[in-house]
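Text of coords_24.txt (compact mmCIF, C-alpha atoms) as supplied:
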# COMPACT_ATOMS: atom_id res chain seq x y z
CA MET A 1 -19.65 -7.91 -0.25
CA GLY A 2 -16.18 -9.22 0.50
CA ALA A 3 -15.77 -11.89 3.14
CA GLY A 4 -15.70 -10.43 6.63
CA LEU A 5 -17.28 -7.09 5.67
CA VAL A 6 -20.08 -6.28 8.07
CA SER A 7 -23.27 -4.62 6.87
CA VAL A 8 -22.28 -1.06 6.03
CA ASP A 9 -23.11 1.57 3.44
CA ILE A 10 -20.29 0.74 1.01
CA ASP A 11 -20.56 4.09 -0.79
CA ALA A 12 -20.23 5.99 2.48
CA LEU A 13 -17.31 3.78 3.50
CA LYS A 14 -15.58 4.43 0.19
CA GLU A 15 -15.99 8.19 0.64
CA ARG A 16 -14.43 7.97 4.10
CA LEU A 17 -11.54 5.96 2.70
CA ARG A 18 -11.06 8.43 -0.16
CA ALA A 19 -10.97 11.30 2.34
CA THR A 20 -8.47 9.37 4.46
CA TRP A 21 -6.04 8.80 1.59
CA MET A 22 -6.38 12.38 0.39
CA ALA A 23 -5.49 13.72 3.85
CA GLY A 24 -1.94 14.74 4.65
CA ASN A 25 0.74 14.73 1.96
CA TYR A 26 1.20 11.19 0.67
CA ASP A 27 3.77 12.24 -1.91
CA ARG A 28 6.06 13.66 0.77
CA PHE A 29 5.47 10.58 2.92
CA SER A 30 6.21 8.15 0.08
CA ARG A 31 9.50 9.77 -0.94
CA PHE A 32 11.10 8.09 2.09
CA MET A 33 9.85 4.70 0.81
CA GLU A 34 10.99 4.81 -2.81
CA SER A 35 13.88 2.43 -2.07
CA SER A 36 11.29 -0.21 -1.17
CA ALA A 37 9.82 0.06 -4.69
CA VAL A 38 13.23 -0.58 -6.25
CA GLU A 39 13.89 -3.54 -3.95
CA PHE A 40 10.40 -4.95 -4.52
CA LEU A 41 10.72 -4.89 -8.32
CA ASP A 42 14.15 -6.51 -8.09
CA ARG A 43 12.83 -9.28 -5.83
CA VAL A 44 9.92 -10.15 -8.12
CA GLY A 45 12.34 -10.59 -11.00
CA GLY A 46 12.45 -7.15 -12.52
CA ILE A 47 10.23 -5.79 -15.27
CA PRO A 48 11.36 -6.37 -18.88
CA ARG A 49 11.69 -3.27 -21.08
CA GLY A 50 8.47 -2.71 -22.97
CA ALA A 51 6.35 -4.78 -20.57
CA SER A 52 3.01 -3.30 -19.52
CA LEU A 53 2.59 -2.80 -15.76
CA LEU A 54 -0.40 -1.70 -13.70
CA ASP A 55 0.28 -0.26 -10.23
CA VAL A 56 -2.90 -0.77 -8.17
CA ALA A 57 -3.46 1.81 -5.41
CA CYS A 58 -0.42 3.61 -6.78
CA GLY A 59 -0.37 6.66 -4.51
CA SER A 60 1.81 9.32 -6.10
CA GLY A 61 3.53 6.75 -8.29
CA GLN A 62 6.52 5.51 -6.32
CA LEU A 63 6.34 1.98 -7.77
CA ALA A 64 4.99 2.91 -11.21
CA LEU A 65 7.58 5.62 -11.80
CA VAL A 66 10.46 3.30 -10.87
CA ALA A 67 9.14 0.74 -13.38
CA ALA A 68 8.75 3.43 -16.04
CA ARG A 69 12.34 4.55 -15.53
CA HIS A 70 13.37 0.98 -16.30
CA GLY A 71 11.50 0.98 -19.60
CA ALA A 72 8.09 -0.45 -18.68
CA ARG A 73 4.86 0.91 -20.16
CA VAL A 74 3.11 1.93 -16.97
CA SER A 75 -0.39 2.67 -15.75
CA GLY A 76 -1.35 3.54 -12.19
CA VAL A 77 -4.73 3.77 -10.50
CA ASP A 78 -5.69 5.20 -7.12
CA ILE A 79 -8.77 6.37 -5.26
CA ALA A 80 -7.10 9.62 -4.15
CA ALA A 81 -7.40 12.31 -6.82
CA ASN A 82 -4.65 14.48 -5.33
CA SER A 83 -2.14 11.61 -5.46
CA ILE A 84 -3.03 10.95 -9.10
CA ARG A 85 -2.42 14.61 -9.97
CA VAL A 86 1.01 14.46 -8.34
CA ALA A 87 1.85 11.20 -10.13
CA ARG A 88 0.93 12.74 -13.48
CA ASP A 89 3.06 15.80 -12.77
CA ARG A 90 6.04 13.66 -11.77
CA ALA A 91 5.74 11.52 -14.90
CA GLN A 92 5.47 14.59 -17.12
CA ALA A 93 8.48 16.21 -15.47
CA GLU A 94 10.59 13.15 -16.31
CA ALA A 95 8.96 12.52 -19.71
CA LEU A 96 8.09 8.98 -18.62
CA PRO A 97 5.65 6.69 -20.47
CA ALA A 98 3.13 6.52 -17.64
CA GLN A 99 -0.63 6.99 -17.43
CA PHE A 100 -2.38 7.61 -14.11
CA ASP A 101 -6.11 7.22 -13.56
CA GLU A 102 -8.40 7.95 -10.66
CA GLY A 103 -10.22 4.71 -9.94
CA ASP A 104 -11.16 1.93 -7.55
CA ALA A 105 -9.09 -1.20 -6.90
CA GLU A 106 -12.38 -3.11 -6.57
CA ALA A 107 -13.52 -2.09 -10.09
CA LEU A 108 -10.41 -1.46 -12.17
CA PRO A 109 -11.14 0.68 -15.25
CA TYR A 110 -9.25 -1.59 -17.67
CA ALA A 111 -10.13 -4.40 -20.05
CA ASP A 112 -9.50 -8.06 -19.32
CA ALA A 113 -5.91 -9.30 -19.75
CA SER A 114 -4.55 -5.77 -20.32
CA PHE A 115 -1.23 -6.01 -18.45
CA ASP A 116 1.85 -8.21 -18.31
CA VAL A 117 2.35 -7.32 -14.64
CA VAL A 118 -0.23 -6.23 -12.06
CA ALA A 119 1.40 -5.02 -8.86
CA SER A 120 0.57 -3.28 -5.60
CA LEU A 121 3.01 -1.99 -3.01
CA PHE A 122 1.30 -1.54 0.39
CA GLY A 123 -1.77 -0.22 -1.40
CA ALA A 124 -4.48 -2.64 -2.55
CA MET A 125 -4.40 -4.28 0.88
CA PHE A 126 -6.40 -1.31 2.23
CA ALA A 127 -9.46 -1.70 -0.03
CA PRO A 128 -12.54 -2.80 1.97
CA ARG A 129 -13.59 -5.80 -0.17
CA PRO A 130 -10.46 -7.90 -0.67
CA ASP A 131 -12.18 -10.63 -2.67
CA LEU A 132 -13.12 -8.07 -5.32
CA VAL A 133 -9.58 -6.67 -5.33
CA ALA A 134 -8.14 -10.14 -5.88
CA GLN A 135 -10.61 -10.87 -8.69
CA GLU A 136 -9.85 -7.57 -10.40
CA MET A 137 -6.07 -7.95 -10.20
CA VAL A 138 -6.33 -11.40 -11.77
CA ARG A 139 -8.85 -10.22 -14.39
CA VAL A 140 -6.72 -7.42 -15.82
CA CYS A 141 -3.55 -9.54 -15.87
CA ARG A 142 -2.84 -11.37 -19.12
CA LEU A 143 -2.77 -15.16 -19.15
CA GLY A 144 0.69 -16.17 -17.97
CA GLY A 145 1.33 -12.70 -16.57
CA THR A 146 2.57 -11.80 -13.11
CA ILE A 147 0.62 -10.57 -10.09
CA ALA A 148 2.78 -9.14 -7.30
CA MET A 149 1.94 -7.57 -3.95
CA ALA A 150 3.72 -6.31 -0.85
CA ASN A 151 1.46 -6.44 2.22
CA TRP A 152 2.21 -5.59 5.85
CA THR A 153 1.84 -8.49 8.29
CA LYS A 154 -0.07 -8.51 11.56
CA THR A 155 3.00 -9.35 13.64
CA GLY A 156 5.33 -6.86 11.94
CA PHE A 157 5.97 -3.34 13.14
CA ILE A 158 3.29 -1.70 10.98
CA GLY A 159 0.82 -4.35 12.13
CA GLN A 160 1.67 -3.36 15.71
CA MET A 161 1.16 0.28 14.82
CA PHE A 162 -2.30 -0.49 13.41
CA ALA A 163 -3.10 -2.38 16.64
CA THR A 164 -2.10 0.74 18.59
CA PHE A 165 -4.60 2.81 16.59
CA ALA A 166 -7.28 0.18 17.25
CA LYS A 167 -7.04 0.81 21.00
CA PHE A 168 -8.38 4.32 20.38
CA ILE A 169 -10.48 4.05 17.22
CA ALA A 170 -13.31 1.66 16.38
CA PRO A 171 -12.69 -0.63 13.38
CA PRO A 172 -14.11 0.86 10.14
CA GLY A 173 -16.39 -2.12 9.39
CA MET A 174 -14.06 -3.88 6.95
CA PRO A 175 -11.64 -6.82 7.13
CA SER A 176 -8.27 -6.00 8.62
CA PRO A 177 -5.81 -4.93 5.90
CA VAL A 178 -3.09 -7.08 7.48
CA LEU A 179 -5.01 -10.24 6.56
CA TRP A 180 -3.31 -9.69 3.18
CA GLY A 181 -0.11 -10.47 5.07
CA ASP A 182 -1.33 -13.95 6.04
CA GLU A 183 -0.32 -16.76 3.68
CA SER A 184 -3.44 -18.90 4.08
CA THR A 185 -5.72 -15.89 3.48
CA VAL A 186 -3.82 -14.95 0.32
CA ARG A 187 -4.16 -18.51 -1.01
CA GLU A 188 -7.93 -18.33 -0.51
CA ARG A 189 -8.25 -14.94 -2.20
CA LEU A 190 -6.00 -15.44 -5.21
CA ALA A 191 -7.89 -18.08 -7.13
CA GLY A 192 -7.01 -18.49 -10.78
CA VAL A 193 -3.26 -18.25 -10.25
CA SER A 194 -0.41 -20.73 -10.39
CA ASP A 195 3.13 -20.75 -9.04
CA LEU A 196 2.06 -18.73 -6.00
CA ARG A 197 5.18 -17.80 -4.02
CA MET A 198 5.07 -15.96 -0.71
CA THR A 199 8.09 -14.71 1.20
CA ARG A 200 8.31 -12.72 4.42
CA VAL A 201 10.60 -9.76 3.90
CA MET A 202 11.84 -6.97 6.16
CA TYR A 203 11.42 -3.37 5.06
CA ARG A 204 13.67 -0.82 6.77
CA PHE A 205 12.27 2.55 7.78
CA ASP A 206 15.19 4.97 8.05
CA TYR A 207 14.39 8.54 9.03
CA PRO A 208 16.89 11.34 9.76
CA PHE A 209 14.96 12.46 12.82
CA SER A 210 13.92 11.21 16.26
CA PRO A 211 11.07 8.73 16.97
CA ALA A 212 8.92 11.59 18.29
CA ASP A 213 9.51 13.48 15.05
CA VAL A 214 8.67 10.34 13.06
CA VAL A 215 5.28 10.20 14.76
CA ASP A 216 4.74 13.88 13.91
CA PHE A 217 5.82 13.16 10.31
CA PHE A 218 3.25 10.34 10.02
CA ARG A 219 0.60 12.50 11.65
CA GLU A 220 1.17 15.35 9.22
CA ASN A 221 1.65 13.39 5.99
CA TYR A 222 0.24 9.84 6.17
CA GLY A 223 -3.53 9.93 5.63
CA PRO A 224 -4.58 7.12 8.02
CA THR A 225 -2.49 8.57 10.86
CA ASN A 226 -3.66 12.10 10.09
CA ARG A 227 -7.32 11.09 10.19
CA ALA A 228 -6.89 8.88 13.25
CA PHE A 229 -5.60 11.79 15.33
CA ALA A 230 -8.25 14.13 13.93
CA ALA A 231 -11.01 11.79 15.13
CA LEU A 232 -9.86 11.87 18.76
CA SER A 233 -10.26 14.23 21.68
CA ALA A 234 -7.23 16.26 22.73
CA TYR A 235 -6.70 13.88 25.66
CA ASP A 236 -6.76 10.77 23.46
CA GLN A 237 -4.55 12.45 20.85
CA THR A 238 -1.91 12.90 23.53
CA ALA A 239 -2.29 9.30 24.71
CA LEU A 240 -2.10 7.91 21.17
CA GLY A 241 0.96 10.05 20.43
CA GLU A 242 2.71 8.79 23.55
CA ASP A 243 1.93 5.15 22.67
CA LEU A 244 3.22 5.59 19.13
CA VAL A 245 6.42 7.31 20.26
CA GLY A 246 6.94 4.46 22.72
CA LEU A 247 6.48 1.91 19.93
CA TRP A 248 8.98 3.62 17.63
CA ASN A 249 11.45 4.02 20.51
CA ALA A 250 11.14 0.37 21.53
CA ASN A 251 11.93 -0.79 17.98
CA ASN A 252 14.52 1.84 17.05
CA GLN A 253 17.87 0.28 16.12
CA SER A 254 19.74 3.57 15.92
CA SER A 255 21.82 4.93 18.79
CA ASP A 256 21.68 8.40 17.27
CA ALA A 257 19.03 10.52 18.98
CA ASN A 258 18.30 12.22 15.65
CA ARG A 259 17.84 9.07 13.60
CA THR A 260 15.16 6.36 13.62
CA VAL A 261 15.77 2.94 12.06
CA VAL A 262 12.99 0.36 12.36
CA ASP A 263 12.46 -2.90 10.46
CA SER A 264 8.92 -3.95 9.57
CA GLU A 265 7.89 -7.31 8.14
CA TYR A 266 5.80 -7.61 5.00
CA LEU A 267 4.58 -10.51 2.89
CA GLN A 268 5.85 -10.51 -0.69
CA VAL A 269 3.35 -12.23 -2.97
CA VAL A 270 4.23 -13.27 -6.52
CA ALA A 271 1.90 -15.36 -8.68
CA ILE A 272 1.31 -16.23 -12.31
CA ARG A 273 -2.14 -15.99 -13.84
CA SER A 274 -3.07 -19.46 -15.00
CA LYS A 275 -3.24 -19.98 -18.76
CA GLU A 276 -6.11 -22.43 -18.51

Kindly return the structure encoded in the file as structure tokens.
Amino acid sequence: MGAGLVSVDIDALKERLRATWMAGNYDRFSRFMESSAVEFLDRVGGIPRGASLLDVACGSGQLALVAARHGARVSGVDIAANSIRVARDRAQAEALPAQFDEGDAEALPYADASFDVVASLFGAMFAPRPDLVAQEMVRVCRLGGTIAMANWTKTGFIGQMFATFAKFIAPPGMPSPVLWGDESTVRERLAGVSDLRMTRVMYRFDYPFSPADVVDFFRENYGPTNRAFAALSAYDQTALGEDLVGLWNANNQSSDANRTVVDSEYLQVVAIRSKE
């Protein structure tokens, strides 16, 4: 098992994670984050036309579809079957060269050295065995190809939001996802790469509704938030909701009562798979 994973039934844990990511409406949630996919691809140097790209933990395709629109040959893989169905429908509607597969980031269903670029935008960081994820991302990347990730940090806003959940809900028996936002941890995990560059970047959440409505939006559409509330008593649901609204209010940069603007730090990781 991956470093830091306590003794658990991994199959049962995977089923719980699959149910979590299939809860809510991730496609609706992700539509507000599509600008981050564009910015992320630009920051990692863009994707040449005709290049092959794998989006690991792709959700409903927000990163993969952006790359496909720019001429990349795209594949996406995710544990949530409903997100994969949406991604396929979106690609078909735009006649984009994209393939989407239901699968596990810890056992990618692709041959060695299949892709020029292997990327994950706030996705692979949530798999329970990070060492396996790292090995798989390197394995399916061609020699000299690019591996790129965007991972929330512990000290950033989303890291604080996860810490708020942790006050009410016991840890799931896996390493914290935000360890992928720690530079020294990433260096340990990504063996077999060269030219490893890590940059702390701010992502801007910008919602046309109040902080209280943002919390309701997350609760309705974002699987982890949806399942977190569902696991609590009515009393604790109210307490968690109040804490989350307070967190969004405290970080809101907008003076408009019907707008919420919050910056959240993430770690941008870009590496080259060694040719040796």

Exercise for the section: Name the closest residue to Ser36 (chain A) among the candidates A:Ala68, A:Val201, A:Ala250, A:Ile84; distances are taken between atoms, counting only C-alpha atoms. Expected result: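 Answer, going by the shortest atom-to-atom distance: A:Val201.
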
Practice task
Considering all atoms listed in the file, return as a VMD selection string whatever protein or nucleic-acid residues lie within 10 Å of Glu183 (chain A), sequence-local ones (same chain, fewer than 3 positions apart) excluded.
Solution key: chain A and resid 153 179 to 180 186 to 188 197 to 200 267 to 269

Exercise for the section: Might you pull out every residue within 6 Å of region 189-193 of chain A, with only C-alpha atoms counted and same-chain residues fewer than 2 positions away left off, and present them as an MDAnalysis selection string? Expected result: chainID A and resid 131 134 186:187 272:274

Where does region 122-177 of chain A meet region 225-238 of chain A within 12 Å, residue by residue, with the nearest atom pair and distance in Å to one decimal for each, counting only C-alpha atoms, listed by chain and rising number, as a Markdown table?
| residue | atom | partner | partner_atom | distance |
| --- | --- | --- | --- | --- |
| A:Ile158 | CA | A:Thr225 | CA | 11.8 |
| A:Met161 | CA | A:Thr225 | CA | 9.9 |
| A:Phe162 | CA | A:Thr225 | CA | 9.4 |
| A:Thr164 | CA | A:Ala228 | CA | 10.8 |
| A:Phe165 | CA | A:Ala228 | CA | 7.3 |
| A:Ala166 | CA | A:Ala228 | CA | 9.6 |
| A:Lys167 | CA | A:Asp236 | CA | 10.3 |
| A:Phe168 | CA | A:Asp236 | CA | 7.3 |
| A:Ile169 | CA | A:Ala228 | CA | 7.2 |
| A:Ala170 | CA | A:Ala228 | CA | 10.2 |
| A:Pro171 | CA | A:Ala228 | CA | 11.1 |
| A:Pro172 | CA | A:Ala228 | CA | 11.2 |

Practice task
Could you please determine the separation between CA of Ala23 (chain A) and CA of Tyr203 (chain A) in Å, to one decimal place?
Solution key: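 Result for CA of Ala23 (chain A) versus CA of Tyr203 (chain A): 24.1 Å, one decimal.
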
Exercise for the section: Would you work out the distance separating CA of Thr260 (chain A) from CA of Ala67 (chain A), expressed in Å to one decimal? Expected result: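 According to the coordinates, CA of Thr260 (chain A) and CA of Ala67 (chain A) are separated by 28.2 Å.
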
Problem - For Phe29 (chain A): contacts at 8 Å, only C-alpha atoms, fewer than 3 positions along chain excluded, given as a VMD selection string - result: chain A and resid 25 to 26 32 to 33 217 to 218 221 to 222

Exercise for the section: Tell me, as a count of residues only, which residues lie within 10 Å of Ser114 (chain A), counting all atoms listed in the file; anything in the same chain fewer than 2 positions away does not count. Expected result: 15

Handout entry: Close residues, Val215 (chain A) itself excluded, 7 Å, only C-alpha atoms, min 4 positions apart in chain, as a list in words
Key =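 Those residues are Pro211, Arg219, Leu244 and Val245 of chain A.
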
Problem - Atom pair CA of Gly241 (chain A) / CA of Thr20 (chain A): separation (Å) - result: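 About the pair CA of Gly241 (chain A) and CA of Thr20 (chain A): they are 18.6 Å apart.
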
Practice task
Up to 12 Å from (10.8, -4.9, -3.2) in the file's coordinates: name the residues, counting all atoms listed in the file, as a VMD selection string.
Solution key: chain A and resid 33 to 46 62 to 63 66 to 67 119 to 122 148 to 151 199 to 204 265 to 270
